[in-house]
file model.txt (compact mmCIF, C-alpha atoms)
# COMPACT_ATOMS: atom_id res chain seq x y z
CA MET A 1 2.07 -31.42 6.56
CA ARG A 2 2.65 -27.73 7.16
CA MET A 3 1.36 -24.88 5.01
CA SER A 4 4.10 -22.27 5.03
CA ALA A 5 4.69 -19.32 2.69
CA VAL A 6 6.76 -18.60 -0.39
CA GLY A 7 10.28 -17.51 0.45
CA ALA A 8 10.01 -18.51 4.12
CA ALA A 9 13.54 -17.90 5.39
CA HIS A 10 15.12 -16.14 8.34
CA ASP A 11 16.44 -13.40 6.03
CA ALA A 12 13.28 -12.97 3.91
CA PRO A 13 12.20 -9.42 3.06
CA THR A 14 8.71 -10.05 4.47
CA LEU A 15 7.82 -10.35 8.14
CA ASN A 16 5.28 -13.07 7.32
CA SER A 17 7.93 -15.19 5.56
CA ARG A 18 10.35 -14.76 8.47
CA LEU A 19 7.66 -15.87 10.93
CA HIS A 20 6.84 -18.88 8.75
CA ALA A 21 10.55 -19.75 8.71
CA LEU A 22 10.50 -19.92 12.51
CA SER A 23 7.52 -22.29 12.47
CA ASP A 24 9.09 -24.38 9.70
CA ALA A 25 12.27 -24.74 11.78
CA GLU A 26 10.28 -25.74 14.86
CA MET A 27 8.50 -28.46 12.93
CA GLN A 28 11.65 -29.68 11.23
CA GLY A 29 13.40 -29.89 14.60
CA SER A 30 10.51 -31.71 16.29
CA GLY A 31 11.53 -35.17 15.16
CA LEU A 32 8.08 -35.72 13.65
CA PRO A 33 7.69 -36.59 9.97
CA TYR A 34 6.81 -33.46 8.00
CA THR A 35 6.28 -31.99 4.57
CA VAL A 36 6.33 -28.23 4.06
CA LEU A 37 4.31 -26.57 1.30
CA LYS A 38 5.32 -23.01 0.43
CA PRO A 39 2.70 -21.63 -1.96
CA HIS A 40 3.26 -18.47 -3.97
CA PHE A 41 0.90 -15.51 -4.56
CA PHE A 42 -2.63 -16.92 -4.93
CA MET A 43 -4.42 -16.15 -8.20
CA GLN A 44 -7.52 -15.75 -6.03
CA ASN A 45 -5.89 -12.63 -4.50
CA LEU A 46 -6.77 -10.99 -7.83
CA LEU A 47 -10.40 -11.10 -6.71
CA MET A 48 -9.55 -7.99 -4.65
CA GLY A 49 -9.83 -6.18 -7.98
CA ALA A 50 -13.08 -7.80 -9.12
CA GLN A 51 -15.29 -4.79 -8.43
CA SER A 52 -13.07 -2.31 -10.29
CA VAL A 53 -12.74 -4.69 -13.23
CA ALA A 54 -16.53 -5.13 -13.37
CA GLU A 55 -17.35 -1.44 -12.95
CA GLN A 56 -14.42 0.35 -14.61
CA GLY A 57 -12.61 -2.20 -16.75
CA ALA A 58 -9.52 -1.51 -14.62
CA LEU A 59 -7.39 -3.71 -12.38
CA TYR A 60 -5.68 -1.53 -9.77
CA PHE A 61 -2.80 -3.34 -8.11
CA ALA A 62 0.62 -2.58 -6.67
CA LEU A 63 2.98 -4.92 -8.49
CA GLY A 64 4.48 -2.52 -11.00
CA SER A 65 5.78 -4.39 -14.02
CA ALA A 66 6.97 -7.42 -12.05
CA LYS A 67 6.07 -10.92 -13.17
CA GLN A 68 5.05 -13.52 -10.62
CA PRO A 69 4.35 -17.26 -10.94
CA MET A 70 0.91 -16.98 -9.31
CA ILE A 71 -0.77 -20.21 -8.28
CA ASP A 72 -4.42 -21.15 -8.21
CA VAL A 73 -5.39 -22.29 -4.70
CA ARG A 74 -7.06 -25.33 -6.25
CA ASP A 75 -3.59 -26.52 -7.30
CA ILE A 76 -2.31 -26.08 -3.75
CA ALA A 77 -5.21 -28.23 -2.54
CA ALA A 78 -4.43 -30.88 -5.17
CA VAL A 79 -0.79 -31.07 -4.02
CA ALA A 80 -1.86 -31.21 -0.36
CA ALA A 81 -4.26 -34.07 -1.14
CA VAL A 82 -1.46 -36.13 -2.73
CA VAL A 83 0.91 -35.42 0.17
CA LEU A 84 -1.74 -36.41 2.70
CA ARG A 85 -2.54 -39.61 0.77
CA GLU A 86 1.13 -40.55 0.41
CA PRO A 87 2.92 -38.95 3.40
CA ALA A 88 5.91 -41.30 3.40
CA ALA A 89 6.81 -40.38 -0.18
CA HIS A 90 7.02 -36.70 0.78
CA ALA A 91 8.37 -36.91 4.31
CA GLY A 92 11.17 -34.46 5.06
CA LYS A 93 10.59 -32.49 1.85
CA THR A 94 9.81 -28.84 1.23
CA TYR A 95 8.01 -27.73 -1.92
CA THR A 96 7.67 -24.16 -3.17
CA LEU A 97 4.46 -24.21 -5.20
CA THR A 98 3.97 -21.90 -8.18
CA GLY A 99 1.91 -21.63 -11.29
CA GLY A 100 3.37 -22.71 -14.60
CA ALA A 101 4.49 -19.26 -15.76
CA ALA A 102 5.50 -15.93 -14.29
CA VAL A 103 2.97 -13.35 -15.46
CA GLY A 104 2.64 -9.62 -15.21
CA LEU A 105 -0.54 -7.78 -14.29
CA ASP A 106 -0.88 -6.52 -17.86
CA GLN A 107 -1.23 -10.19 -18.88
CA VAL A 108 -3.73 -10.71 -16.06
CA ALA A 109 -5.81 -7.75 -17.29
CA SER A 110 -5.75 -9.11 -20.83
CA ALA A 111 -6.89 -12.58 -19.70
CA LEU A 112 -9.64 -11.09 -17.54
CA GLY A 113 -10.79 -8.90 -20.42
CA GLU A 114 -11.03 -11.87 -22.74
CA ALA A 115 -12.94 -13.86 -20.12
CA VAL A 116 -15.47 -11.10 -19.36
CA GLY A 117 -15.78 -9.87 -22.94
CA LYS A 118 -14.52 -6.30 -22.56
CA ALA A 119 -11.27 -4.40 -22.45
CA VAL A 120 -9.55 -4.48 -19.05
CA LYS A 121 -6.45 -2.44 -18.30
CA TYR A 122 -3.91 -2.82 -15.52
CA VAL A 123 -3.38 0.37 -13.56
CA PRO A 124 -0.29 0.16 -11.34
CA VAL A 125 -0.70 1.95 -8.01
CA PRO A 126 1.85 2.69 -5.28
CA VAL A 127 2.14 0.06 -2.56
CA ALA A 128 1.23 2.65 0.11
CA ALA A 129 -2.01 3.50 -1.73
CA MET A 130 -3.05 -0.15 -1.90
CA VAL A 131 -2.25 -0.68 1.79
CA ASP A 132 -4.26 2.44 2.63
CA THR A 133 -7.20 1.10 0.63
CA VAL A 134 -7.25 -2.24 2.47
CA ALA A 135 -6.86 -0.43 5.81
CA LYS A 136 -10.03 1.51 5.02
CA MET A 137 -11.71 -1.83 4.29
CA GLY A 138 -10.90 -2.99 7.82
CA VAL A 139 -7.78 -5.12 7.28
CA ASP A 140 -5.88 -5.26 10.57
CA ASP A 141 -2.35 -3.98 11.17
CA TYR A 142 -0.71 -7.38 10.62
CA GLY A 143 -2.54 -7.84 7.31
CA GLN A 144 -1.45 -4.37 6.22
CA VAL A 145 2.20 -5.11 7.05
CA ALA A 146 2.03 -8.46 5.25
CA LEU A 147 0.50 -6.85 2.16
CA ARG A 148 3.04 -4.01 2.18
CA ASP A 149 5.99 -6.38 2.57
CA TYR A 150 4.86 -8.84 -0.10
CA LEU A 151 3.89 -6.22 -2.67
CA THR A 152 7.17 -4.38 -2.15
CA ALA A 153 9.22 -7.57 -2.50
CA TYR A 154 7.22 -8.91 -5.44
CA SER A 155 7.48 -5.55 -7.24
CA LEU A 156 11.25 -5.97 -7.12
CA GLY A 157 11.07 -9.44 -8.67
CA TRP A 158 11.46 -11.44 -5.43
CA GLN A 159 10.53 -15.12 -5.79
CA SER A 160 9.73 -14.90 -9.50
CA GLN A 161 11.03 -18.37 -10.39
CA VAL A 162 8.65 -21.09 -11.59
CA THR A 163 8.90 -24.45 -9.84
CA PRO A 164 7.90 -27.88 -11.20
CA TRP A 165 6.27 -29.29 -8.08
CA VAL A 166 2.56 -29.02 -8.93
CA GLU A 167 3.00 -31.10 -12.07
CA GLU A 168 5.55 -33.49 -10.56
CA ILE A 169 3.36 -34.21 -7.52
CA THR A 170 -0.11 -34.21 -9.10
CA GLY A 171 0.75 -35.44 -12.59
CA ARG A 172 -0.90 -32.45 -14.27
CA LYS A 173 0.16 -28.94 -15.16
CA PRO A 174 -0.87 -26.10 -12.87
CA ARG A 175 -3.94 -24.12 -13.88
CA GLY A 176 -3.03 -21.15 -16.02
CA LEU A 177 -4.20 -17.58 -16.02
CA THR A 178 -6.69 -18.17 -18.84
CA GLU A 179 -8.39 -20.98 -16.93
CA PHE A 180 -8.52 -18.92 -13.73
CA ALA A 181 -10.01 -15.93 -15.59
CA ARG A 182 -12.62 -18.10 -17.30
CA ASP A 183 -13.58 -19.90 -14.07
CA PHE A 184 -13.97 -16.64 -12.11
CA ALA A 185 -15.32 -14.45 -14.93
CA GLY A 186 -18.64 -14.00 -13.12
CA ALA A 187 -16.89 -12.34 -10.17
CA PHE A 188 -15.15 -9.95 -12.57
CA GLY A 189 -18.41 -8.85 -14.21
CA LYS A 190 -19.23 -11.33 -16.97
CA ARG A 191 -22.95 -11.33 -17.55
call {"tool": "encode", "arguments": {"input": "model.txt", "output": "structure tokens"}}
result
Amino acid sequence: MRMSAVGAAHDAPTLNSRLHALSDAEMQGSGLPYTVLKPHFFMQNLLMGAQSVAEQGALYFALGSAKQPMIDVRDIAAVAAVVLREPAAHAGKTYTLTGGAAVGLDQVASALGEAVGKAVKYVPVPVAAMVDTVAKMGVDDYGQVALRDYLTAYSLGWQSQVTPWVEEITGRKPRGLTEFARDFAGAFGKR
């Protein structure tokens, strides 16, 4: 099994997705049995905004008004466990893994607010400002490029389709935004 990235293709708008496409092609051409998992934006990436939500009631992020079918990493793990238990049933297949609904950051802020018990607002910021912030936090050049590319592409609606694979493979619906917010409310300032 190979963990790839959403939209991995040779013509993808993100360097990271293009590099994953090269690795996917190498594996597919190896003659070995394979399954490729291409997970979408992790809900856990929202934890980058935990401090500002806790301290200011604001989620600063660079996605504009775009909606994305974010996925909880626990659902990726559940799919991977099934694939590893039943490799023959998934051999030669590629699955793009998403959450059950495409959501905007205003919806994320609302769910976080409900989970922590206070108003939370989404404050869109320019992609360059968010990249600058993570650079100051010590994120390396590659991480900055990956963040810039993904946020730019996502802001334009790239890869916003929901896929059925989490439910079809695991037999249960993907975790939703409300469940994620409730489970991680402590990180976002719930006392």
call {"tool": "closest_atom_pairs", "arguments": {"input": "model.txt", "of": "segment 80-110 of chain A", "to": "segment 157-181 of chain A", "cutoff": "9 Å", "atoms": "all atoms listed in the file", "output": "CSV"}}
result
residue,atom,partner,partner_atom,distance
A:Ala81,CA,A:Thr170,CA,9.0
A:Val82,CA,A:Thr170,CA,6.8
A:Val83,CA,A:Ile169,CA,8.2
A:Tyr95,CA,A:Trp165,CA,6.6
A:Thr96,CA,A:Thr163,CA,6.8
A:Leu97,CA,A:Trp165,CA,6.1
A:Thr98,CA,A:Thr163,CA,5.8
A:Gly99,CA,A:Pro174,CA,5.5
A:Gly100,CA,A:Pro174,CA,5.7
A:Ala101,CA,A:Val162,CA,6.2
A:Ala102,CA,A:Ser160,CA,6.5
A:Val103,CA,A:Leu177,CA,8.3
A:Gln107,CA,A:Leu177,CA,8.5
A:Val108,CA,A:Leu177,CA,6.9
call {"tool": "residues_around", "arguments": {"input": "model.txt", "residues": "Leu112 of chain A", "least_positions_apart": "2", "cutoff": "9 Å", "atoms": "only C-alpha atoms", "output": "list in words"}}
result
Val53, Gln107, Val108, Ala109, Ser110, Glu114, Ala115, Val116, Gly117, Lys118, Ala119, Val120, Leu177, Thr178, Phe180, Ala181, Arg182, Phe184, Ala185 and Phe188 of chain A
call {"tool": "write_last_selection", "arguments": {"input": "model.txt", "atoms": "C-alpha atoms", "output": "compact mmCIF listing (two decimals), in the coordinates of the input"}}
result
# COMPACT_ATOMS: atom_id res chain seq x y z
CA VAL A 53 -12.74 -4.69 -13.23
CA GLN A 107 -1.23 -10.19 -18.88
CA VAL A 108 -3.73 -10.71 -16.06
CA ALA A 109 -5.81 -7.75 -17.29
CA SER A 110 -5.75 -9.11 -20.83
CA GLU A 114 -11.03 -11.87 -22.74
CA ALA A 115 -12.94 -13.86 -20.12
CA VAL A 116 -15.47 -11.10 -19.36
CA GLY A 117 -15.78 -9.87 -22.94
CA LYS A 118 -14.52 -6.30 -22.56
CA ALA A 119 -11.27 -4.40 -22.45
CA VAL A 120 -9.55 -4.48 -19.05
CA LEU A 177 -4.20 -17.58 -16.02
CA THR A 178 -6.69 -18.17 -18.84
CA PHE A 180 -8.52 -18.92 -13.73
CA ALA A 181 -10.01 -15.93 -15.59
CA ARG A 182 -12.62 -18.10 -17.30
CA PHE A 184 -13.97 -16.64 -12.11
CA ALA A 185 -15.32 -14.45 -14.93
CA PHE A 188 -15.15 -9.95 -12.57
call {"tool": "atom_distance", "arguments": {"input": "model.txt", "atom1": "atom CA of Ser17 of chain A", "atom2": "atom CA of Gln51 of chain A"}}
result
29.0 Å
call {"tool": "residues_around", "arguments": {"input": "model.txt", "residues": "Leu59 of chain A", "least_positions_apart": "2", "cutoff": "9 Å", "atoms": "only C-alpha atoms", "output": "list in words"}}
result
Leu46, Gly49, Ala50, Gln51, Ser52, Val53, Gln56, Gly57, Phe61, Leu105, Asp106, Val108, Ala109, Val120, Lys121, Tyr122, Val123 and Pro124 of chain A
call {"tool": "closest_residue", "arguments": {"input": "model.txt", "among": "A:Met48, A:Gly92, A:Ala66, A:Asn16", "to": "Arg2 of chain A", "atoms": "all atoms listed in the file"}}
result
A:Gly92
call {"tool": "atom_distance", "arguments": {"input": "model.txt", "atom1": "atom CA of Tyr150 of chain A", "atom2": "atom CA of Ala77 of chain A"}}
result
22.0 Å
call {"tool": "atom_distance", "arguments": {"input": "model.txt", "atom1": "atom CA of Tyr34 of chain A", "atom2": "atom CA of Ser4 of chain A"}}
result
11.9 Å
call {"tool": "residues_near_point", "arguments": {"input": "model.txt", "point": "(0.3, -19.8, -0.8)", "cutoff": "8 Å", "atoms": "only C-alpha atoms", "output": "list in words"}}
result
Met3, Ser4, Ala5, Val6, Lys38, Pro39, His40, Phe41, Phe42, Ile71, Val73, Ile76 and Leu97 of chain A
call {"tool": "closest_residue", "arguments": {"input": "model.txt", "among": "A:Gln28, A:Asp72, A:Arg191, A:Lys136", "to": "Leu47 of chain A", "atoms": "only C-alpha atoms"}}
result
A:Asp72
call {"tool": "residues_around", "arguments": {"input": "model.txt", "residues": "Pro87 of chain A", "least_positions_apart": "2", "cutoff": "9 Å", "atoms": "all atoms listed in the file", "output": "PyMOL selection string"}}
result
chain A and resi 1+33-35+82-85+89-91
call {"tool": "closest_residue", "arguments": {"input": "model.txt", "among": "A:Leu19, A:Val79, A:Ala12, A:Ala129", "to": "Ala153 of chain A", "atoms": "all atoms listed in the file"}}
result
A:Ala12
call {"tool": "residues_around", "arguments": {"input": "model.txt", "residues": "Leu156 of chain A", "least_positions_apart": "4", "cutoff": "12 Å", "atoms": "only C-alpha atoms", "output": "PyMOL selection string"}}
result
chain A and resi 13+62-68+127+149-152+160
call {"tool": "residues_around", "arguments": {"input": "model.txt", "residues": "Ala128 of chain A", "least_positions_apart": "2", "cutoff": "10 Å", "atoms": "only C-alpha atoms", "output": "ChimeraX atom specification"}}
result
/A:62,125-126,130-133,144,147-148,151-152
